[in-house]
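Below is query_36.txt, holding compact mmCIF, N, CA and C atoms.
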# COMPACT_ATOMS: atom_id res chain seq x y z
N MET C 1 0.83 -1.19 0.00
CA MET C 1 0.00 0.00 0.00
C MET C 1 0.87 1.24 0.00
N SER C 2 0.34 2.26 -0.59
CA SER C 2 1.08 3.51 -0.73
C SER C 2 0.96 4.37 0.51
N VAL C 3 2.08 4.97 0.93
CA VAL C 3 2.09 5.88 2.07
C VAL C 3 1.35 7.17 1.73
N THR C 4 1.21 7.48 0.46
CA THR C 4 0.51 8.71 0.06
C THR C 4 -1.01 8.55 0.13
N ASN C 5 -1.48 7.32 0.25
CA ASN C 5 -2.92 7.08 0.40
C ASN C 5 -3.31 7.51 1.81
N THR C 6 -4.14 8.54 1.93
CA THR C 6 -4.48 9.08 3.25
C THR C 6 -5.21 8.09 4.13
N ALA C 7 -5.90 7.13 3.54
CA ALA C 7 -6.60 6.14 4.34
C ALA C 7 -5.61 5.19 5.01
N VAL C 8 -4.39 5.12 4.48
CA VAL C 8 -3.40 4.20 5.01
C VAL C 8 -2.45 4.90 5.98
N ILE C 9 -2.29 6.19 5.87
CA ILE C 9 -1.31 6.93 6.68
C ILE C 9 -1.47 6.68 8.18
N PRO C 10 -2.69 6.76 8.75
CA PRO C 10 -2.79 6.51 10.18
C PRO C 10 -2.29 5.13 10.56
N GLN C 11 -2.52 4.13 9.69
CA GLN C 11 -2.05 2.79 9.98
C GLN C 11 -0.53 2.71 9.85
N VAL C 12 0.02 3.39 8.85
CA VAL C 12 1.46 3.37 8.63
C VAL C 12 2.18 4.10 9.76
N ASN C 13 1.65 5.28 10.13
CA ASN C 13 2.27 6.06 11.20
C ASN C 13 2.02 5.46 12.58
N GLY C 14 1.01 4.60 12.69
CA GLY C 14 0.70 4.02 13.98
C GLY C 14 -0.17 4.91 14.86
N SER C 15 -0.63 6.03 14.33
CA SER C 15 -1.48 6.92 15.12
C SER C 15 -2.92 6.80 14.64
N ALA C 16 -3.83 7.04 15.57
CA ALA C 16 -5.25 7.00 15.23
C ALA C 16 -5.64 8.33 14.60
N PRO C 17 -6.55 8.32 13.66
CA PRO C 17 -6.98 9.57 13.05
C PRO C 17 -7.73 10.43 14.08
N ALA C 18 -7.52 11.73 14.01
CA ALA C 18 -8.20 12.64 14.92
C ALA C 18 -9.64 12.81 14.45
N GLY C 19 -10.57 12.75 15.40
CA GLY C 19 -11.98 12.92 15.09
C GLY C 19 -12.38 14.38 15.14
N PRO C 20 -13.68 14.66 15.17
CA PRO C 20 -14.15 16.04 15.18
C PRO C 20 -13.76 16.80 16.45
N CYS C 21 -13.38 16.08 17.48
CA CYS C 21 -13.01 16.72 18.75
C CYS C 21 -11.51 16.63 18.99
N GLY C 22 -10.76 16.32 17.97
CA GLY C 22 -9.34 16.09 18.17
C GLY C 22 -9.13 14.66 18.63
N ASP C 23 -8.22 14.48 19.56
CA ASP C 23 -7.91 13.14 20.03
C ASP C 23 -8.79 12.67 21.18
N ASP C 24 -9.55 13.59 21.79
CA ASP C 24 -10.36 13.20 22.95
C ASP C 24 -11.77 12.78 22.52
N ASP C 25 -12.45 12.11 23.42
CA ASP C 25 -13.84 11.72 23.19
C ASP C 25 -14.73 12.80 23.78
N CYS C 26 -15.21 13.68 22.93
CA CYS C 26 -16.02 14.81 23.41
C CYS C 26 -17.49 14.44 23.56
N GLY C 27 -17.86 13.22 23.23
CA GLY C 27 -19.23 12.77 23.38
C GLY C 27 -20.12 13.04 22.18
N ILE C 28 -19.54 13.50 21.09
CA ILE C 28 -20.35 13.86 19.93
C ILE C 28 -21.12 12.66 19.38
N ARG C 29 -20.57 11.49 19.45
CA ARG C 29 -21.28 10.31 18.93
C ARG C 29 -22.52 10.02 19.76
N ASP C 30 -22.41 10.15 21.07
CA ASP C 30 -23.59 9.94 21.92
C ASP C 30 -24.68 10.95 21.60
N VAL C 31 -24.30 12.21 21.44
CA VAL C 31 -25.28 13.24 21.12
C VAL C 31 -25.92 12.99 19.77
N LEU C 32 -25.10 12.65 18.77
CA LEU C 32 -25.64 12.39 17.43
C LEU C 32 -26.52 11.13 17.41
N ASP C 33 -26.14 10.13 18.20
CA ASP C 33 -27.00 8.95 18.30
C ASP C 33 -28.38 9.32 18.83
N ARG C 34 -28.40 10.17 19.83
CA ARG C 34 -29.68 10.59 20.40
C ARG C 34 -30.46 11.46 19.41
N LEU C 35 -29.81 12.45 18.84
CA LEU C 35 -30.50 13.37 17.93
C LEU C 35 -30.82 12.73 16.59
N GLY C 36 -30.09 11.68 16.26
CA GLY C 36 -30.27 11.05 14.95
C GLY C 36 -31.47 10.14 14.86
N ASP C 37 -32.13 9.86 15.98
CA ASP C 37 -33.30 9.01 15.84
C ASP C 37 -34.47 9.83 15.30
N ARG C 38 -35.51 9.17 14.95
CA ARG C 38 -36.60 9.80 14.21
C ARG C 38 -37.39 10.83 15.03
N TRP C 39 -37.47 10.66 16.36
CA TRP C 39 -38.42 11.43 17.15
C TRP C 39 -37.81 12.43 18.12
N THR C 40 -36.56 12.27 18.49
CA THR C 40 -35.97 13.11 19.54
C THR C 40 -36.05 14.59 19.22
N VAL C 41 -35.67 14.98 18.03
CA VAL C 41 -35.67 16.39 17.67
C VAL C 41 -37.08 16.97 17.77
N LEU C 42 -38.07 16.21 17.32
CA LEU C 42 -39.44 16.70 17.37
C LEU C 42 -39.93 16.86 18.81
N VAL C 43 -39.57 15.93 19.68
CA VAL C 43 -39.94 16.04 21.10
C VAL C 43 -39.26 17.25 21.73
N LEU C 44 -37.97 17.43 21.45
CA LEU C 44 -37.25 18.58 22.01
C LEU C 44 -37.83 19.90 21.54
N VAL C 45 -38.15 19.99 20.26
CA VAL C 45 -38.73 21.23 19.72
C VAL C 45 -40.07 21.52 20.40
N GLU C 46 -40.87 20.50 20.59
CA GLU C 46 -42.17 20.70 21.24
C GLU C 46 -42.00 21.09 22.70
N LEU C 47 -41.09 20.45 23.41
CA LEU C 47 -40.88 20.79 24.82
C LEU C 47 -40.22 22.15 25.00
N ALA C 48 -39.56 22.64 23.96
CA ALA C 48 -38.97 23.98 24.03
C ALA C 48 -40.08 25.03 24.15
N LYS C 49 -41.29 24.68 23.77
CA LYS C 49 -42.43 25.59 23.88
C LYS C 49 -42.99 25.64 25.29
N GLY C 50 -42.60 24.67 26.12
CA GLY C 50 -43.07 24.65 27.50
C GLY C 50 -43.39 23.24 27.97
N THR C 51 -43.80 23.13 29.21
CA THR C 51 -44.16 21.85 29.81
C THR C 51 -45.35 21.25 29.07
N ARG C 52 -45.28 19.95 28.83
CA ARG C 52 -46.34 19.25 28.13
C ARG C 52 -46.68 17.96 28.87
N ARG C 53 -47.96 17.61 28.84
CA ARG C 53 -48.38 16.31 29.31
C ARG C 53 -48.14 15.31 28.20
N PHE C 54 -48.14 14.03 28.56
CA PHE C 54 -47.84 12.97 27.59
C PHE C 54 -48.77 13.06 26.39
N ARG C 55 -50.07 13.15 26.63
CA ARG C 55 -51.03 13.18 25.52
C ARG C 55 -50.88 14.44 24.67
N GLU C 56 -50.48 15.55 25.28
CA GLU C 56 -50.24 16.77 24.51
C GLU C 56 -49.08 16.58 23.55
N LEU C 57 -48.03 15.92 24.05
CA LEU C 57 -46.88 15.62 23.18
C LEU C 57 -47.32 14.70 22.04
N GLU C 58 -48.09 13.70 22.39
CA GLU C 58 -48.52 12.72 21.40
C GLU C 58 -49.36 13.40 20.30
N ARG C 59 -50.23 14.30 20.68
CA ARG C 59 -51.06 15.01 19.69
C ARG C 59 -50.26 16.01 18.88
N ALA C 60 -49.22 16.59 19.48
CA ALA C 60 -48.44 17.63 18.81
C ALA C 60 -47.43 17.07 17.80
N ILE C 61 -47.12 15.78 17.89
CA ILE C 61 -46.10 15.18 17.03
C ILE C 61 -46.78 14.15 16.11
N PRO C 62 -47.12 14.56 14.90
CA PRO C 62 -47.84 13.66 13.99
C PRO C 62 -47.05 12.39 13.70
N GLY C 63 -47.76 11.26 13.79
CA GLY C 63 -47.15 9.98 13.41
C GLY C 63 -46.44 9.24 14.53
N ILE C 64 -46.23 9.87 15.67
CA ILE C 64 -45.52 9.16 16.75
C ILE C 64 -46.50 8.25 17.47
N SER C 65 -46.06 7.04 17.72
CA SER C 65 -46.90 6.10 18.46
C SER C 65 -46.68 6.29 19.96
N GLN C 66 -47.60 5.77 20.74
CA GLN C 66 -47.46 5.85 22.19
C GLN C 66 -46.17 5.18 22.64
N ARG C 67 -45.87 4.04 22.05
CA ARG C 67 -44.65 3.31 22.41
C ARG C 67 -43.39 4.13 22.10
N MET C 68 -43.34 4.73 20.91
CA MET C 68 -42.14 5.49 20.54
C MET C 68 -42.01 6.76 21.38
N LEU C 69 -43.11 7.39 21.71
CA LEU C 69 -43.05 8.56 22.58
C LEU C 69 -42.56 8.17 23.96
N THR C 70 -43.04 7.04 24.46
CA THR C 70 -42.58 6.54 25.77
C THR C 70 -41.08 6.27 25.75
N LEU C 71 -40.61 5.56 24.72
CA LEU C 71 -39.18 5.26 24.62
C LEU C 71 -38.34 6.54 24.48
N THR C 72 -38.80 7.46 23.66
CA THR C 72 -38.05 8.69 23.42
C THR C 72 -37.96 9.53 24.68
N THR C 73 -39.08 9.70 25.38
CA THR C 73 -39.05 10.51 26.60
C THR C 73 -38.20 9.84 27.68
N LYS C 74 -38.24 8.51 27.78
CA LYS C 74 -37.39 7.80 28.75
C LYS C 74 -35.91 8.03 28.45
N ARG C 75 -35.54 7.94 27.19
CA ARG C 75 -34.14 8.15 26.80
C ARG C 75 -33.70 9.58 27.08
N LEU C 76 -34.58 10.55 26.80
CA LEU C 76 -34.24 11.94 27.07
C LEU C 76 -34.14 12.21 28.58
N CYS C 77 -34.98 11.55 29.36
CA CYS C 77 -34.87 11.66 30.83
C CYS C 77 -33.55 11.04 31.30
N ARG C 78 -33.21 9.89 30.76
CA ARG C 78 -31.96 9.21 31.14
C ARG C 78 -30.74 10.07 30.81
N ASP C 79 -30.81 10.78 29.70
CA ASP C 79 -29.69 11.64 29.30
C ASP C 79 -29.66 12.96 30.06
N GLY C 80 -30.68 13.21 30.88
CA GLY C 80 -30.71 14.44 31.66
C GLY C 80 -31.22 15.65 30.89
N LEU C 81 -31.88 15.41 29.77
CA LEU C 81 -32.38 16.51 28.94
C LEU C 81 -33.82 16.87 29.26
N VAL C 82 -34.56 15.90 29.80
CA VAL C 82 -35.97 16.08 30.10
C VAL C 82 -36.23 15.61 31.53
N GLU C 83 -37.13 16.32 32.18
CA GLU C 83 -37.55 15.94 33.54
C GLU C 83 -39.00 15.48 33.46
N ARG C 84 -39.28 14.37 34.10
CA ARG C 84 -40.62 13.79 34.10
C ARG C 84 -41.19 13.91 35.50
N THR C 85 -42.42 14.42 35.59
CA THR C 85 -43.10 14.53 36.88
C THR C 85 -44.40 13.75 36.80
N LEU C 86 -44.55 12.79 37.71
CA LEU C 86 -45.75 11.96 37.78
C LEU C 86 -46.60 12.44 38.94
N TYR C 87 -47.85 12.76 38.66
CA TYR C 87 -48.78 13.22 39.70
C TYR C 87 -49.67 12.05 40.11
N PRO C 88 -49.82 11.84 41.43
CA PRO C 88 -50.62 10.70 41.91
C PRO C 88 -52.12 10.99 41.85
N THR C 89 -52.63 11.07 40.65
CA THR C 89 -54.05 11.30 40.44
C THR C 89 -54.64 10.10 39.74
N VAL C 90 -55.97 10.08 39.66
CA VAL C 90 -56.63 9.01 38.93
C VAL C 90 -57.39 9.65 37.78
N PRO C 91 -57.06 9.38 36.53
CA PRO C 91 -55.88 8.61 36.09
C PRO C 91 -54.60 9.40 36.33
N PRO C 92 -53.45 8.70 36.35
CA PRO C 92 -52.18 9.38 36.60
C PRO C 92 -51.89 10.43 35.52
N GLN C 93 -51.33 11.54 35.92
CA GLN C 93 -50.92 12.58 34.98
C GLN C 93 -49.40 12.68 35.01
N THR C 94 -48.83 12.86 33.84
CA THR C 94 -47.38 12.96 33.72
C THR C 94 -47.04 14.21 32.92
N ASP C 95 -46.17 15.02 33.47
CA ASP C 95 -45.67 16.22 32.79
C ASP C 95 -44.23 16.01 32.38
N TYR C 96 -43.86 16.59 31.25
CA TYR C 96 -42.48 16.58 30.77
C TYR C 96 -42.04 18.01 30.55
N ARG C 97 -40.81 18.31 30.98
CA ARG C 97 -40.25 19.64 30.74
C ARG C 97 -38.75 19.48 30.51
N LEU C 98 -38.20 20.44 29.80
CA LEU C 98 -36.76 20.41 29.56
C LEU C 98 -36.01 20.80 30.83
N THR C 99 -34.88 20.15 31.04
CA THR C 99 -33.96 20.57 32.10
C THR C 99 -33.14 21.75 31.57
N ASP C 100 -32.30 22.32 32.41
CA ASP C 100 -31.43 23.40 31.93
C ASP C 100 -30.57 22.91 30.77
N MET C 101 -30.03 21.71 30.91
CA MET C 101 -29.21 21.15 29.84
C MET C 101 -30.05 20.92 28.59
N GLY C 102 -31.28 20.44 28.76
CA GLY C 102 -32.17 20.23 27.63
C GLY C 102 -32.52 21.54 26.93
N ARG C 103 -32.72 22.61 27.72
CA ARG C 103 -33.02 23.91 27.11
C ARG C 103 -31.83 24.42 26.29
N SER C 104 -30.62 24.18 26.80
CA SER C 104 -29.44 24.64 26.05
C SER C 104 -29.33 23.90 24.71
N LEU C 105 -29.68 22.63 24.69
CA LEU C 105 -29.66 21.87 23.44
C LEU C 105 -30.85 22.23 22.56
N ALA C 106 -32.00 22.47 23.17
CA ALA C 106 -33.21 22.75 22.40
C ALA C 106 -33.07 24.00 21.55
N GLY C 107 -32.31 24.98 22.03
CA GLY C 107 -32.09 26.18 21.23
C GLY C 107 -31.40 25.86 19.92
N MET C 108 -30.40 25.01 19.98
CA MET C 108 -29.69 24.62 18.76
C MET C 108 -30.57 23.73 17.88
N VAL C 109 -31.31 22.84 18.50
CA VAL C 109 -32.19 21.95 17.75
C VAL C 109 -33.30 22.75 17.08
N SER C 110 -33.84 23.74 17.77
CA SER C 110 -34.87 24.59 17.17
C SER C 110 -34.31 25.36 15.98
N ALA C 111 -33.06 25.80 16.10
CA ALA C 111 -32.42 26.47 14.97
C ALA C 111 -32.29 25.52 13.78
N LEU C 112 -31.96 24.26 14.05
CA LEU C 112 -31.89 23.25 12.99
C LEU C 112 -33.26 23.03 12.36
N ALA C 113 -34.30 22.98 13.19
CA ALA C 113 -35.66 22.80 12.66
C ALA C 113 -36.05 24.00 11.80
N ASP C 114 -35.70 25.21 12.25
CA ASP C 114 -35.99 26.42 11.45
C ASP C 114 -35.26 26.37 10.13
N TRP C 115 -33.98 25.97 10.16
CA TRP C 115 -33.19 25.86 8.93
C TRP C 115 -33.85 24.84 7.99
N SER C 116 -34.28 23.71 8.55
CA SER C 116 -34.91 22.67 7.73
C SER C 116 -36.17 23.18 7.07
N ARG C 117 -36.98 23.90 7.83
CA ARG C 117 -38.22 24.45 7.29
C ARG C 117 -37.92 25.45 6.18
N GLU C 118 -36.92 26.29 6.40
CA GLU C 118 -36.57 27.32 5.43
C GLU C 118 -36.00 26.75 4.14
N HIS C 119 -35.26 25.65 4.24
CA HIS C 119 -34.56 25.09 3.08
C HIS C 119 -35.19 23.81 2.53
N LYS C 120 -36.35 23.45 3.02
CA LYS C 120 -37.00 22.20 2.61
C LYS C 120 -37.16 22.11 1.10
N ASP C 121 -37.68 23.16 0.48
CA ASP C 121 -37.91 23.14 -0.97
C ASP C 121 -36.59 23.09 -1.75
N ALA C 122 -35.59 23.83 -1.26
CA ALA C 122 -34.29 23.84 -1.94
C ALA C 122 -33.62 22.47 -1.86
N VAL C 123 -33.74 21.80 -0.73
CA VAL C 123 -33.16 20.45 -0.60
C VAL C 123 -33.89 19.49 -1.53
N ALA C 124 -35.22 19.59 -1.57
CA ALA C 124 -35.99 18.71 -2.47
C ALA C 124 -35.60 18.94 -3.92
N ALA C 125 -35.42 20.21 -4.30
CA ALA C 125 -35.01 20.52 -5.68
C ALA C 125 -33.62 19.98 -5.98
N ALA C 126 -32.71 20.10 -5.03
CA ALA C 126 -31.35 19.58 -5.22
C ALA C 126 -31.37 18.06 -5.38
N ARG C 127 -32.20 17.40 -4.60
CA ARG C 127 -32.31 15.94 -4.72
C ARG C 127 -32.85 15.53 -6.08
N THR C 128 -33.85 16.28 -6.54
CA THR C 128 -34.42 15.99 -7.85
C THR C 128 -33.37 16.15 -8.95
N ARG C 129 -32.61 17.26 -8.89
CA ARG C 129 -31.54 17.48 -9.88
C ARG C 129 -30.52 16.34 -9.82
N TRP C 130 -30.13 15.98 -8.64
CA TRP C 130 -29.14 14.89 -8.46
C TRP C 130 -29.67 13.59 -9.07
N ASP C 131 -30.89 13.25 -8.73
CA ASP C 131 -31.47 12.02 -9.23
C ASP C 131 -31.59 12.01 -10.75
N GLN C 132 -31.86 13.16 -11.35
CA GLN C 132 -31.94 13.24 -12.81
C GLN C 132 -30.56 13.10 -13.44
N GLN C 133 -29.55 13.63 -12.80
CA GLN C 133 -28.19 13.58 -13.35
C GLN C 133 -27.48 12.26 -13.05
N HIS C 134 -27.95 11.53 -12.05
CA HIS C 134 -27.31 10.28 -11.64
C HIS C 134 -28.36 9.16 -11.56
N PRO C 135 -28.81 8.73 -12.73
CA PRO C 135 -29.87 7.69 -12.73
C PRO C 135 -29.37 6.34 -12.19
Is it possible to give me this structure as structure tokens?
Amino acid sequence: MSVTNTAVIPQVNGSAPAGPCGDDDCGIRDVLDRLGDRWTVLVLVELAKGTRRFRELERAIPGISQRMLTLTTKRLCRDGLVERTLYPTVPPQTDYRLTDMGRSLAGMVSALADWSREHKDAVAAARTRWDQQHP
């Protein structure tokens, strides 16, 4: 193999390639794993508007099933981004709200959602052009 091949250089030099955070593990993969699922961003954007009950979240996010909302909110609670409050009523009521850390992330996620909304048509047009040029 050639030493000029950049894919081989880290192996030849014996050093690991630097990632987006340099040589340390900044946690970006964990964050992207969480944000990369289908529902997390939508839940965060909705909770950025304020505290929501489970059914309010379910109605506000088209297409999400009860099971997926349950899994998503549990994961966000585990990550410390969402706080869940269960009220001992009949039937039980559950509120979800962003933690301070969740609010700090929600601002960036909301900006991403705004960007997506603003560029949705342009992305669709670019995909169409690509597909026509690369059958």
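Nearest residue to Arg55 (chain C) among C:Met68, C:Arg34, C:Thr94, C:Gln132 is C:Thr94, counting all atoms listed in the file.
Atom C of Ala48 (chain C) lies 27.4 Å from atom N of Cys26 (chain C).
Taking CA of Ala126 (chain C) and atom C of Thr40 (chain C) as the two end points, the separation is 25.4 Å.
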*Within 8 Å of Met101 (chain C), counting only N, CA and C atoms, which residues qualify if same-chain residues fewer than 2 places away don't, as a ChimeraX atom specification?*
/C:80-82,98-99,103-106
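Going from atom C of Leu71 (chain C) to CA of Val43 (chain C) covers 10.2 Å.
For the set C:Arg84, C:Pro92, C:Arg59, C:Gly102, the residue with the smallest atom-to-atom gap to Leu35 (chain C) is C:Gly102, counting only C-alpha atoms.
Among the residues of chain C, backbone DSSP assigns strand (DSSP E) to Arg52, Arg53, Val82, Glu83, Arg84, Thr85, Leu86, Tyr87, Gln93, Thr94, Asp95, Tyr96, Arg97 and Leu98 of chain C.
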Atoms to include: N, CA and C atoms. Write the selected residues as a compact mmCIF listing (two decimals), keeping the file's coordinate frame.
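This is the output file again.txt:
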# COMPACT_ATOMS: atom_id res chain seq x y z
N ARG C 52 -45.28 19.95 28.83
CA ARG C 52 -46.34 19.25 28.13
C ARG C 52 -46.68 17.96 28.87
N ARG C 53 -47.96 17.61 28.84
CA ARG C 53 -48.38 16.31 29.31
C ARG C 53 -48.14 15.31 28.20
N VAL C 82 -34.56 15.90 29.80
CA VAL C 82 -35.97 16.08 30.10
C VAL C 82 -36.23 15.61 31.53
N GLU C 83 -37.13 16.32 32.18
CA GLU C 83 -37.55 15.94 33.54
C GLU C 83 -39.00 15.48 33.46
N ARG C 84 -39.28 14.37 34.10
CA ARG C 84 -40.62 13.79 34.10
C ARG C 84 -41.19 13.91 35.50
N THR C 85 -42.42 14.42 35.59
CA THR C 85 -43.10 14.53 36.88
C THR C 85 -44.40 13.75 36.80
N LEU C 86 -44.55 12.79 37.71
CA LEU C 86 -45.75 11.96 37.78
C LEU C 86 -46.60 12.44 38.94
N TYR C 87 -47.85 12.76 38.66
CA TYR C 87 -48.78 13.22 39.70
C TYR C 87 -49.67 12.05 40.11
N GLN C 93 -51.33 11.54 35.92
CA GLN C 93 -50.92 12.58 34.98
C GLN C 93 -49.40 12.68 35.01
N THR C 94 -48.83 12.86 33.84
CA THR C 94 -47.38 12.96 33.72
C THR C 94 -47.04 14.21 32.92
N ASP C 95 -46.17 15.02 33.47
CA ASP C 95 -45.67 16.22 32.79
C ASP C 95 -44.23 16.01 32.38
N TYR C 96 -43.86 16.59 31.25
CA TYR C 96 -42.48 16.58 30.77
C TYR C 96 -42.04 18.01 30.55
N ARG C 97 -40.81 18.31 30.98
CA ARG C 97 -40.25 19.64 30.74
C ARG C 97 -38.75 19.48 30.51
N LEU C 98 -38.20 20.44 29.80
CA LEU C 98 -36.76 20.41 29.56
C LEU C 98 -36.01 20.80 30.83
_For the alpha helix (DSSP H) assignment from backbone DSSP, which residues of region 32-96 of chain C qualify? Please present them as a ChimeraX atom specification._
/C:32-35,40-47,54-60,66-78
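With only N, CA and C atoms as the basis for measurement, C:Val109 is the residue among C:Glu56, C:Arg75, C:Thr128, C:Val109 that approaches Val41 (chain C) most closely.
The residue that comes closest to Thr72 (chain C), out of C:Trp39, C:Ala124, C:Leu32, C:Asp114 and on the basis of all atoms listed in the file, is C:Trp39.
Distances here use only N, CA and C atoms; by that measure, the residue among C:Leu44, C:Gly36, C:Arg29, C:Tyr96 closest to Ser110 (chain C) is C:Leu44.
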Have region 82-101 of chain C completed to N, CA, C and O atoms, please, and pass it along as a PDB file, keeping the file's coordinate frame.
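Final file, part-v5.pdb:
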ATOM      1  N   VAL C  82     -34.560  15.900  29.800  1.00  0.00           N
ATOM      2  CA  VAL C  82     -35.970  16.080  30.100  1.00  0.00           C
ATOM      3  C   VAL C  82     -36.230  15.610  31.530  1.00  0.00           C
ATOM      4  O   VAL C  82     -35.634  14.640  31.993  1.00  0.00           O
ATOM      5  N   GLU C  83     -37.130  16.320  32.180  1.00  0.00           N
ATOM      6  CA  GLU C  83     -37.550  15.940  33.540  1.00  0.00           C
ATOM      7  C   GLU C  83     -39.000  15.480  33.460  1.00  0.00           C
ATOM      8  O   GLU C  83     -39.843  16.136  32.844  1.00  0.00           O
ATOM      9  N   ARG C  84     -39.280  14.370  34.100  1.00  0.00           N
ATOM     10  CA  ARG C  84     -40.620  13.790  34.100  1.00  0.00           C
ATOM     11  C   ARG C  84     -41.190  13.910  35.500  1.00  0.00           C
ATOM     12  O   ARG C  84     -40.547  13.536  36.481  1.00  0.00           O
ATOM     13  N   THR C  85     -42.420  14.420  35.590  1.00  0.00           N
ATOM     14  CA  THR C  85     -43.100  14.530  36.880  1.00  0.00           C
ATOM     15  C   THR C  85     -44.400  13.750  36.800  1.00  0.00           C
ATOM     16  O   THR C  85     -45.233  14.001  35.925  1.00  0.00           O
ATOM     17  N   LEU C  86     -44.550  12.790  37.710  1.00  0.00           N
ATOM     18  CA  LEU C  86     -45.750  11.960  37.780  1.00  0.00           C
ATOM     19  C   LEU C  86     -46.600  12.440  38.940  1.00  0.00           C
ATOM     20  O   LEU C  86     -46.128  12.521  40.078  1.00  0.00           O
ATOM     21  N   TYR C  87     -47.850  12.760  38.660  1.00  0.00           N
ATOM     22  CA  TYR C  87     -48.780  13.220  39.700  1.00  0.00           C
ATOM     23  C   TYR C  87     -49.670  12.050  40.110  1.00  0.00           C
ATOM     24  O   TYR C  87     -50.227  11.356  39.248  1.00  0.00           O
ATOM     25  N   PRO C  88     -49.820  11.840  41.430  1.00  0.00           N
ATOM     26  CA  PRO C  88     -50.620  10.700  41.910  1.00  0.00           C
ATOM     27  C   PRO C  88     -52.120  10.990  41.850  1.00  0.00           C
ATOM     28  O   PRO C  88     -52.787  11.167  42.854  1.00  0.00           O
ATOM     29  N   THR C  89     -52.630  11.070  40.650  1.00  0.00           N
ATOM     30  CA  THR C  89     -54.050  11.300  40.440  1.00  0.00           C
ATOM     31  C   THR C  89     -54.640  10.100  39.740  1.00  0.00           C
ATOM     32  O   THR C  89     -53.919   9.206  39.287  1.00  0.00           O
ATOM     33  N   VAL C  90     -55.970  10.080  39.660  1.00  0.00           N
ATOM     34  CA  VAL C  90     -56.630   9.010  38.930  1.00  0.00           C
ATOM     35  C   VAL C  90     -57.390   9.650  37.780  1.00  0.00           C
ATOM     36  O   VAL C  90     -58.300  10.445  38.023  1.00  0.00           O
ATOM     37  N   PRO C  91     -57.060   9.380  36.530  1.00  0.00           N
ATOM     38  CA  PRO C  91     -55.880   8.610  36.090  1.00  0.00           C
ATOM     39  C   PRO C  91     -54.600   9.400  36.330  1.00  0.00           C
ATOM     40  O   PRO C  91     -54.634  10.622  36.480  1.00  0.00           O
ATOM     41  N   PRO C  92     -53.450   8.700  36.350  1.00  0.00           N
ATOM     42  CA  PRO C  92     -52.180   9.380  36.600  1.00  0.00           C
ATOM     43  C   PRO C  92     -51.890  10.430  35.520  1.00  0.00           C
ATOM     44  O   PRO C  92     -52.203  10.230  34.349  1.00  0.00           O
ATOM     45  N   GLN C  93     -51.330  11.540  35.920  1.00  0.00           N
ATOM     46  CA  GLN C  93     -50.920  12.580  34.980  1.00  0.00           C
ATOM     47  C   GLN C  93     -49.400  12.680  35.010  1.00  0.00           C
ATOM     48  O   GLN C  93     -48.788  12.621  36.084  1.00  0.00           O
ATOM     49  N   THR C  94     -48.830  12.860  33.840  1.00  0.00           N
ATOM     50  CA  THR C  94     -47.380  12.960  33.720  1.00  0.00           C
ATOM     51  C   THR C  94     -47.040  14.210  32.920  1.00  0.00           C
ATOM     52  O   THR C  94     -47.585  14.422  31.843  1.00  0.00           O
ATOM     53  N   ASP C  95     -46.170  15.020  33.470  1.00  0.00           N
ATOM     54  CA  ASP C  95     -45.670  16.220  32.790  1.00  0.00           C
ATOM     55  C   ASP C  95     -44.230  16.010  32.380  1.00  0.00           C
ATOM     56  O   ASP C  95     -43.461  15.343  33.090  1.00  0.00           O
ATOM     57  N   TYR C  96     -43.860  16.590  31.250  1.00  0.00           N
ATOM     58  CA  TYR C  96     -42.480  16.580  30.770  1.00  0.00           C
ATOM     59  C   TYR C  96     -42.040  18.010  30.550  1.00  0.00           C
ATOM     60  O   TYR C  96     -42.793  18.814  30.014  1.00  0.00           O
ATOM     61  N   ARG C  97     -40.810  18.310  30.980  1.00  0.00           N
ATOM     62  CA  ARG C  97     -40.250  19.640  30.740  1.00  0.00           C
ATOM     63  C   ARG C  97     -38.750  19.480  30.510  1.00  0.00           C
ATOM     64  O   ARG C  97     -38.141  18.496  30.955  1.00  0.00           O
ATOM     65  N   LEU C  98     -38.200  20.440  29.800  1.00  0.00           N
ATOM     66  CA  LEU C  98     -36.760  20.410  29.560  1.00  0.00           C
ATOM     67  C   LEU C  98     -36.010  20.800  30.830  1.00  0.00           C
ATOM     68  O   LEU C  98     -36.444  21.686  31.565  1.00  0.00           O
ATOM     69  N   THR C  99     -34.880  20.150  31.040  1.00  0.00           N
ATOM     70  CA  THR C  99     -33.960  20.570  32.100  1.00  0.00           C
ATOM     71  C   THR C  99     -33.140  21.750  31.570  1.00  0.00           C
ATOM     72  O   THR C  99     -33.271  22.119  30.393  1.00  0.00           O
ATOM     73  N   ASP C 100     -32.300  22.320  32.410  1.00  0.00           N
ATOM     74  CA  ASP C 100     -31.430  23.400  31.930  1.00  0.00           C
ATOM     75  C   ASP C 100     -30.570  22.910  30.770  1.00  0.00           C
ATOM     76  O   ASP C 100     -30.406  23.608  29.765  1.00  0.00           O
ATOM     77  N   MET C 101     -30.030  21.710  30.910  1.00  0.00           N
ATOM     78  CA  MET C 101     -29.210  21.150  29.840  1.00  0.00           C
ATOM     79  C   MET C 101     -30.050  20.920  28.590  1.00  0.00           C
ATOM     80  O   MET C 101     -29.612  21.182  27.471  1.00  0.00           O
TER      81      MET C 101
END
